[in-house]
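Below is one structure, written out as structure tokens; the observations come after it.
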Amino acid sequence: PDDRQTNVGRTQHVLFERLPVQVLLSPGRERLLQLPFVALMDVPASLQGVLELQIIEDTAYLTANGPFPRARLYAQAIDGGATVPLDIESVEGVQVPPILRVHLPGDAAEESDELAATRRNDEPAVDMIQLTRYAAQMLYAPARLLPTLPGVRQEPVDRSPVAGLYRGGEIETAPLGAWSSGSLYVTAVRFTNRTGRAIDLELDTRWLRGQWIAATPQHWHLLPHGSEADTTAVYLVSDRPFAAVPLWR
């Protein structure tokens, strides 16, 4: 067995150290692949129809419709900062933990505050329009068209749901990703309509809690819960990290 891998209950942990991560599937059984970043992945033409792939933030949901030999896929961070090669294979009768979690070396290592401040001062800053546009491209652009913008950095953000960000309790909110440039931060937040009303729910930024410099929805209307358009992204610009913005008002 690979000495980079350990199994703990329902979860298999793998440390990525340049070698491709082995992902074994059992036909007809969904397996969750948890990555250390919000990911983009494409199914190669050779696996079209035999491999079902859905991605939600940092988790890929994989289901093989039948056995197939090993094939190479690539999981890419939406900021283009990391890529993990995956060798995926489907074998009849194999028993594997339902969750496979991939770790990067030094996940816990952090840059010193002094070095980070020095690096920020040396990089060109972009304005909030460019920063918001960059965040939108990182979420929605195909992997081959992901932009690079000097002076913009991806920031860590807790992607757990945030209660009270939007008044009324009818919209569920959760961060998707965050970026910064100079003294500006932009956080892409998922807004999901939780109501079953058969009317459009207009996003009114006056209902937002928090001290935001700007708030820009990807779409201005949310359809009722359960429809294809019940979710959108809202880009919140602030002068501090998302977690430090007070939501008192």
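Chain identifiers are assigned as A, B, and so on, following the order in which chains appear in the structure tokens; residues are numbered from 1 within each chain, and ligands are numbered from 1 in order of appearance.
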
task = Report the residues of stretch 2-190 of chain A whose backbone DSSP state falls under strand (DSSP E), written as a PyMOL selection string.
result = chain A and resi 5-8+11-15+21-25+31-34+39-40+51-56+59-64+68-77+83-90+99-103+153-155+171-181+184-190

Please build the interface table for stretch 50-114 of chain A against stretch 32-38 of chain A with a cut-off of 7 Å, listing for each qualifying residue the nearest atom pair and the distance in Å to one decimal; count only C-alpha atoms, order rows by chain and increasing number, and write it as a tab-separated table.
residue	atom	partner	partner_atom	distance
A:Glu57	CA	A:Val38	CA	4.8
A:Asp58	CA	A:Val38	CA	4.1
A:Thr59	CA	A:Gln34	CA	4.5
A:Ala60	CA	A:Leu33	CA	5.0
A:Tyr61	CA	A:Leu32	CA	4.8
A:Leu62	CA	A:Leu32	CA	6.3
A:Ala77	CA	A:Phe37	CA	5.7
A:Ile78	CA	A:Val38	CA	6.1
A:Pro98	CA	A:Leu32	CA	6.2
A:Ile99	CA	A:Leu32	CA	4.7
A:Leu100	CA	A:Leu33	CA	4.9
A:Arg101	CA	A:Gln34	CA	4.6
A:Val102	CA	A:Leu35	CA	5.2
A:His103	CA	A:Pro36	CA	6.0
A:Leu104	CA	A:Pro36	CA	6.9

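Taking atom CA of A:Gly182 and atom CA of A:Arg133 as endpoints, the distance between them is 15.9 Å.
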
ask   = Please, which residues of stretch 38-113 of chain A, numbered as in this document, come out helix (DSSP H, G or I) from DSSP, as a list in words?
value =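 Result set for stretch 38-113 of chain A (helix (DSSP H, G or I)): Ala45, Ser46, Leu47 and Asp113 of chain A.
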
message = Between A:Ser90, A:Ile56, A:Pro97, A:Ser26, which residue has the minimum interatomic distance to A:His13, considering only C-alpha atoms?
response = A:Pro97

task = Could you jot down the atom CA of A:Leu86 to atom CA of A:Thr187 separation for me, Å, one decimal place?
result =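 The value is 28.9 Å.
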
query = Which residues come within 6 Å of A:Ile88, counting only C-alpha atoms, excluding same-chain residues fewer than 6 positions away, as a list in words?
reply = Val23, Leu24, Arg70 and Ala71 of chain A

Quick one: which stretch 173-236 of chain A residues come within 10 Å of stretch 124-132 of chain A, and what is the nearest atom pair for each with the distance in Å to one decimal, counting only C-alpha atoms, rows ordered by chain and ascending number, as JSON lines?
{"residue": "A:Trp179", "atom": "CA", "partner": "A:Leu131", "partner_atom": "CA", "distance": 7.7}
{"residue": "A:Ser180", "atom": "CA", "partner": "A:Leu131", "partner_atom": "CA", "distance": 7.5}
{"residue": "A:Ser181", "atom": "CA", "partner": "A:Ala125", "partner_atom": "CA", "distance": 5.2}
{"residue": "A:Gly182", "atom": "CA", "partner": "A:Ala125", "partner_atom": "CA", "distance": 4.9}
{"residue": "A:Ser183", "atom": "CA", "partner": "A:Ala125", "partner_atom": "CA", "distance": 8.2}
{"residue": "A:Leu184", "atom": "CA", "partner": "A:Met128", "partner_atom": "CA", "distance": 7.0}
{"residue": "A:Tyr185", "atom": "CA", "partner": "A:Leu131", "partner_atom": "CA", "distance": 8.1}
{"residue": "A:Val186", "atom": "CA", "partner": "A:Thr132", "partner_atom": "CA", "distance": 6.5}
{"residue": "A:Thr187", "atom": "CA", "partner": "A:Thr132", "partner_atom": "CA", "distance": 8.6}
{"residue": "A:Ala188", "atom": "CA", "partner": "A:Thr132", "partner_atom": "CA", "distance": 8.7}
{"residue": "A:Ile213", "atom": "CA", "partner": "A:Met128", "partner_atom": "CA", "distance": 8.9}
{"residue": "A:Ala214", "atom": "CA", "partner": "A:Met128", "partner_atom": "CA", "distance": 8.3}
{"residue": "A:Ala215", "atom": "CA", "partner": "A:Thr132", "partner_atom": "CA", "distance": 9.3}
{"residue": "A:Thr216", "atom": "CA", "partner": "A:Thr132", "partner_atom": "CA", "distance": 8.0}
{"residue": "A:Val234", "atom": "CA", "partner": "A:Thr132", "partner_atom": "CA", "distance": 9.7}
{"residue": "A:Tyr235", "atom": "CA", "partner": "A:Thr132", "partner_atom": "CA", "distance": 6.4}
{"residue": "A:Leu236", "atom": "CA", "partner": "A:Thr132", "partner_atom": "CA", "distance": 8.2}

Requested write-out: N, CA, C and O atoms of the selected residues, as a CSV table (one decimal), in the first residue's frame:
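That gives us selection38.csv:
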chain,number,residue,atom,x,y,z
A,179,TRP,N,-10.4,37.1,-2.3
A,179,TRP,CA,-9.1,37.6,-2.9
A,179,TRP,C,-8.9,39.0,-2.4
A,179,TRP,O,-9.8,39.7,-2.0
A,180,SER,N,-7.6,39.4,-2.5
A,180,SER,CA,-7.3,40.7,-2.0
A,180,SER,C,-6.3,41.4,-3.0
A,180,SER,O,-5.5,40.7,-3.7
A,181,SER,N,-6.2,42.7,-2.9
A,181,SER,CA,-5.2,43.5,-3.6
A,181,SER,C,-5.0,44.8,-2.9
A,181,SER,O,-6.0,45.5,-2.7
A,182,GLY,N,-3.8,45.1,-2.5
A,182,GLY,CA,-3.6,46.3,-1.7
A,182,GLY,C,-4.4,46.2,-0.4
A,182,GLY,O,-4.3,45.3,0.3
A,183,SER,N,-5.2,47.3,-0.2
A,183,SER,CA,-6.1,47.3,1.0
A,183,SER,C,-7.5,46.8,0.8
A,183,SER,O,-8.3,46.9,1.7
A,184,LEU,N,-7.8,46.3,-0.4
A,184,LEU,CA,-9.1,45.9,-0.7
A,184,LEU,C,-9.2,44.3,-0.7
A,184,LEU,O,-8.3,43.6,-1.1
A,185,TYR,N,-10.4,43.9,-0.3
A,185,TYR,CA,-10.7,42.5,-0.2
A,185,TYR,C,-12.0,42.3,-1.0
A,185,TYR,O,-13.0,43.1,-0.8
A,186,VAL,N,-12.2,41.2,-1.7
A,186,VAL,CA,-13.4,40.8,-2.3
A,186,VAL,C,-13.7,39.4,-1.9
A,186,VAL,O,-12.9,38.5,-2.0
A,187,THR,N,-14.9,39.1,-1.5
A,187,THR,CA,-15.4,37.8,-1.1
A,187,THR,C,-16.6,37.4,-1.9
A,187,THR,O,-17.6,38.1,-2.0
A,188,ALA,N,-16.5,36.3,-2.6
A,188,ALA,CA,-17.6,35.8,-3.4
A,188,ALA,C,-18.5,34.9,-2.5
A,188,ALA,O,-18.0,34.0,-1.9
A,213,ILE,N,-17.9,48.1,1.1
A,213,ILE,CA,-17.6,49.2,0.2
A,213,ILE,C,-18.5,49.0,-1.0
A,213,ILE,O,-19.0,50.0,-1.6
A,214,ALA,N,-18.7,47.8,-1.5
A,214,ALA,CA,-19.6,47.6,-2.6
A,214,ALA,C,-20.1,46.1,-2.6
A,214,ALA,O,-19.5,45.2,-2.0
A,215,ALA,N,-21.3,45.9,-3.2
A,215,ALA,CA,-21.9,44.6,-3.3
A,215,ALA,C,-22.4,44.4,-4.7
A,215,ALA,O,-23.3,45.2,-5.1
A,216,THR,N,-21.9,43.4,-5.4
A,216,THR,CA,-22.3,43.2,-6.8
A,216,THR,C,-22.8,41.8,-7.0
A,216,THR,O,-22.0,40.8,-7.0
A,234,VAL,N,-22.6,36.7,-4.9
A,234,VAL,CA,-22.6,38.1,-4.7
A,234,VAL,C,-21.2,38.5,-4.3
A,234,VAL,O,-20.6,37.8,-3.4
A,235,TYR,N,-20.6,39.5,-4.9
A,235,TYR,CA,-19.2,39.9,-4.6
A,235,TYR,C,-19.2,41.1,-3.7
A,235,TYR,O,-19.6,42.1,-4.0
A,236,LEU,N,-18.7,40.8,-2.5
A,236,LEU,CA,-18.7,41.8,-1.4
A,236,LEU,C,-17.3,42.4,-1.3
A,236,LEU,O,-16.3,41.6,-1.0

inquiry  = Env of A:Met41: 7 Å cut, atoms = only C-alpha atoms, seq-sep filter 5 positions within chain, self excluded. Answer as a list in words.
reply    =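 Listed by chain and then number, they are Tyr74, Ala75 and Gln76 of chain A.
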
query = Using only C-alpha atoms, which residues sit within 12 Å of A:Gly210 once same-chain residues fewer than 6 positions away are excluded, as a list in words?
reply = Val162, Gly164, Leu165, Tyr166, Arg167, Leu236, Val237, Ser238, Asp239, Arg240, Phe242, Ala243, Ala244, Val245, Pro246, Leu247, Trp248 and Arg249 of chain A

A:Leu25, A:Ala163, A:Ala233, A:Ile171 ranked by distance to A:Val94, top pick (using only C-alpha atoms) =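 When distances to A:Val94 are compared using only C-alpha atoms, the smallest one comes from A:Leu25.
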
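What separates atom CA of A:Asp87 from atom CA of A:Tyr140 is a distance of 25.4 Å.
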
key: Residues within 7 Å of A:Asn65, only C-alpha atoms, excluding chain neighbours under 6 positions, as a ChimeraX atom specification   = /A:27-28,50-51

Residues near A:Arg194, cut-off 10 Å, only C-alpha atoms, skip fewer than 2 positions along chain, as a PDB file with all heavy atoms, in the first residue's frame:
ATOM      1  N   GLY A 169     -33.878  35.991   6.841  1.00  0.00           N
ATOM      2  CA  GLY A 169     -33.760  34.542   6.963  1.00  0.00           C
ATOM      3  C   GLY A 169     -34.242  33.755   5.760  1.00  0.00           C
ATOM      4  O   GLY A 169     -34.331  32.534   5.814  1.00  0.00           O
ATOM      5  N   GLU A 170     -34.539  34.431   4.649  1.00  0.00           N
ATOM      6  CA  GLU A 170     -35.041  33.723   3.477  1.00  0.00           C
ATOM      7  C   GLU A 170     -33.939  33.316   2.513  1.00  0.00           C
ATOM      8  O   GLU A 170     -34.168  32.539   1.596  1.00  0.00           O
ATOM      9  CB  GLU A 170     -36.067  34.588   2.742  1.00  0.00           C
ATOM     10  CG  GLU A 170     -37.317  34.885   3.570  1.00  0.00           C
ATOM     11  CD  GLU A 170     -38.310  35.732   2.815  1.00  0.00           C
ATOM     12  OE1 GLU A 170     -37.881  36.479   1.899  1.00  0.00           O
ATOM     13  OE2 GLU A 170     -39.504  35.644   3.118  1.00  0.00           O
ATOM     14  N   ILE A 171     -32.746  33.841   2.731  1.00  0.00           N
ATOM     15  CA  ILE A 171     -31.616  33.542   1.853  1.00  0.00           C
ATOM     16  C   ILE A 171     -30.497  32.930   2.682  1.00  0.00           C
ATOM     17  O   ILE A 171     -30.110  33.467   3.712  1.00  0.00           O
ATOM     18  CB  ILE A 171     -31.109  34.803   1.135  1.00  0.00           C
ATOM     19  CG1 ILE A 171     -32.192  35.336   0.194  1.00  0.00           C
ATOM     20  CG2 ILE A 171     -29.839  34.505   0.353  1.00  0.00           C
ATOM     21  CD1 ILE A 171     -31.790  36.577  -0.553  1.00  0.00           C
ATOM     22  N   GLU A 172     -29.989  31.799   2.223  1.00  0.00           N
ATOM     23  CA  GLU A 172     -28.833  31.159   2.858  1.00  0.00           C
ATOM     24  C   GLU A 172     -27.571  31.682   2.193  1.00  0.00           C
ATOM     25  O   GLU A 172     -27.492  31.754   0.959  1.00  0.00           O
ATOM     26  CB  GLU A 172     -28.922  29.650   2.702  1.00  0.00           C
ATOM     27  CG  GLU A 172     -27.768  28.891   3.341  1.00  0.00           C
ATOM     28  CD  GLU A 172     -27.904  27.396   3.138  1.00  0.00           C
ATOM     29  OE1 GLU A 172     -28.551  26.750   3.968  1.00  0.00           O
ATOM     30  OE2 GLU A 172     -27.368  26.895   2.126  1.00  0.00           O
ATOM     31  N   PHE A 191     -25.440  32.966  -2.550  1.00  0.00           N
ATOM     32  CA  PHE A 191     -26.762  33.339  -2.047  1.00  0.00           C
ATOM     33  C   PHE A 191     -27.777  32.345  -2.619  1.00  0.00           C
ATOM     34  O   PHE A 191     -27.894  32.205  -3.837  1.00  0.00           O
ATOM     35  CB  PHE A 191     -27.139  34.751  -2.503  1.00  0.00           C
ATOM     36  CG  PHE A 191     -26.625  35.849  -1.614  1.00  0.00           C
ATOM     37  CD1 PHE A 191     -25.296  35.893  -1.218  1.00  0.00           C
ATOM     38  CD2 PHE A 191     -27.469  36.856  -1.188  1.00  0.00           C
ATOM     39  CE1 PHE A 191     -24.827  36.911  -0.414  1.00  0.00           C
ATOM     40  CE2 PHE A 191     -27.012  37.886  -0.372  1.00  0.00           C
ATOM     41  CZ  PHE A 191     -25.679  37.911   0.020  1.00  0.00           C
ATOM     42  N   THR A 192     -28.494  31.644  -1.751  1.00  0.00           N
ATOM     43  CA  THR A 192     -29.481  30.651  -2.180  1.00  0.00           C
ATOM     44  C   THR A 192     -30.848  30.981  -1.604  1.00  0.00           C
ATOM     45  O   THR A 192     -30.993  31.148  -0.389  1.00  0.00           O
ATOM     46  CB  THR A 192     -29.066  29.230  -1.731  1.00  0.00           C
ATOM     47  OG1 THR A 192     -27.779  28.928  -2.259  1.00  0.00           O
ATOM     48  CG2 THR A 192     -30.070  28.198  -2.233  1.00  0.00           C
ATOM     49  N   GLY A 196     -40.131  28.831  -1.138  1.00  0.00           N
ATOM     50  CA  GLY A 196     -40.788  28.105  -2.223  1.00  0.00           C
ATOM     51  C   GLY A 196     -41.764  28.957  -2.997  1.00  0.00           C
ATOM     52  O   GLY A 196     -42.597  28.439  -3.732  1.00  0.00           O
ATOM     53  N   ARG A 197     -41.671  30.250  -2.825  1.00  0.00           N
ATOM     54  CA  ARG A 197     -42.590  31.138  -3.513  1.00  0.00           C
ATOM     55  C   ARG A 197     -42.335  31.158  -5.017  1.00  0.00           C
ATOM     56  O   ARG A 197     -41.190  31.209  -5.457  1.00  0.00           O
ATOM     57  CB  ARG A 197     -42.474  32.563  -2.955  1.00  0.00           C
ATOM     58  CG  ARG A 197     -42.986  32.689  -1.531  1.00  0.00           C
ATOM     59  CD  ARG A 197     -42.865  34.106  -1.037  1.00  0.00           C
ATOM     60  NE  ARG A 197     -41.450  34.485  -0.879  1.00  0.00           N
ATOM     61  CZ  ARG A 197     -41.050  35.711  -0.603  1.00  0.00           C
ATOM     62  NH1 ARG A 197     -41.944  36.675  -0.459  1.00  0.00           N
ATOM     63  NH2 ARG A 197     -39.776  35.975  -0.447  1.00  0.00           N
ATOM     64  N   LEU A 222     -33.344  35.946  -7.882  1.00  0.00           N
ATOM     65  CA  LEU A 222     -33.298  34.542  -7.496  1.00  0.00           C
ATOM     66  C   LEU A 222     -34.683  33.957  -7.683  1.00  0.00           C
ATOM     67  O   LEU A 222     -35.659  34.484  -7.140  1.00  0.00           O
ATOM     68  CB  LEU A 222     -32.871  34.387  -6.028  1.00  0.00           C
ATOM     69  CG  LEU A 222     -31.442  34.771  -5.667  1.00  0.00           C
ATOM     70  CD1 LEU A 222     -31.207  34.578  -4.181  1.00  0.00           C
ATOM     71  CD2 LEU A 222     -30.450  33.963  -6.475  1.00  0.00           C
ATOM     72  N   LEU A 223     -34.771  32.855  -8.403  1.00  0.00           N
ATOM     73  CA  LEU A 223     -36.049  32.170  -8.578  1.00  0.00           C
ATOM     74  C   LEU A 223     -36.338  31.305  -7.345  1.00  0.00           C
ATOM     75  O   LEU A 223     -35.474  31.128  -6.481  1.00  0.00           O
ATOM     76  CB  LEU A 223     -36.014  31.347  -9.854  1.00  0.00           C
ATOM     77  CG  LEU A 223     -35.870  32.152 -11.154  1.00  0.00           C
ATOM     78  CD1 LEU A 223     -35.940  31.232 -12.361  1.00  0.00           C
ATOM     79  CD2 LEU A 223     -36.903  33.261 -11.254  1.00  0.00           C
ATOM     80  N   PRO A 224     -37.541  30.755  -7.228  1.00  0.00           N
ATOM     81  CA  PRO A 224     -37.891  29.971  -6.036  1.00  0.00           C
ATOM     82  C   PRO A 224     -36.958  28.783  -5.811  1.00  0.00           C
ATOM     83  O   PRO A 224     -36.350  28.256  -6.753  1.00  0.00           O
ATOM     84  CB  PRO A 224     -39.324  29.507  -6.331  1.00  0.00           C
ATOM     85  CG  PRO A 224     -39.856  30.532  -7.268  1.00  0.00           C
ATOM     86  CD  PRO A 224     -38.698  30.925  -8.131  1.00  0.00           C
ATOM     87  N   HIS A 225     -36.869  28.360  -4.567  1.00  0.00           N
ATOM     88  CA  HIS A 225     -36.010  27.243  -4.183  1.00  0.00           C
ATOM     89  C   HIS A 225     -36.337  25.992  -5.000  1.00  0.00           C
ATOM     90  O   HIS A 225     -37.496  25.649  -5.192  1.00  0.00           O
ATOM     91  CB  HIS A 225     -36.193  26.939  -2.697  1.00  0.00           C
ATOM     92  CG  HIS A 225     -35.364  25.798  -2.214  1.00  0.00           C
ATOM     93  ND1 HIS A 225     -33.986  25.812  -2.239  1.00  0.00           N
ATOM     94  CD2 HIS A 225     -35.714  24.588  -1.698  1.00  0.00           C
ATOM     95  CE1 HIS A 225     -33.525  24.678  -1.764  1.00  0.00           C
ATOM     96  NE2 HIS A 225     -34.546  23.916  -1.431  1.00  0.00           N
ATOM     97  N   GLY A 226     -35.297  25.338  -5.481  1.00  0.00           N
ATOM     98  CA  GLY A 226     -35.476  24.133  -6.268  1.00  0.00           C
ATOM     99  C   GLY A 226     -35.344  24.353  -7.753  1.00  0.00           C
ATOM    100  O   GLY A 226     -35.174  23.390  -8.511  1.00  0.00           O
ATOM    101  N   ASP A 230     -32.029  29.361  -8.492  1.00  0.00           N
ATOM    102  CA  ASP A 230     -32.300  29.790  -7.111  1.00  0.00           C
ATOM    103  C   ASP A 230     -31.045  30.211  -6.369  1.00  0.00           C
ATOM    104  O   ASP A 230     -31.076  30.564  -5.201  1.00  0.00           O
ATOM    105  CB  ASP A 230     -33.025  28.686  -6.328  1.00  0.00           C
ATOM    106  CG  ASP A 230     -32.144  27.463  -6.066  1.00  0.00           C
ATOM    107  OD1 ASP A 230     -31.010  27.407  -6.598  1.00  0.00           O
ATOM    108  OD2 ASP A 230     -32.596  26.556  -5.356  1.00  0.00           O
ATOM    109  N   THR A 231     -29.895  30.189  -7.064  1.00  0.00           N
ATOM    110  CA  THR A 231     -28.612  30.499  -6.431  1.00  0.00           C
ATOM    111  C   THR A 231     -27.804  31.443  -7.308  1.00  0.00           C
ATOM    112  O   THR A 231     -27.842  31.344  -8.538  1.00  0.00           O
ATOM    113  CB  THR A 231     -27.807  29.209  -6.186  1.00  0.00           C
ATOM    114  OG1 THR A 231     -28.536  28.368  -5.283  1.00  0.00           O
ATOM    115  CG2 THR A 231     -26.441  29.509  -5.576  1.00  0.00           C
TER     116      THR A 231
END
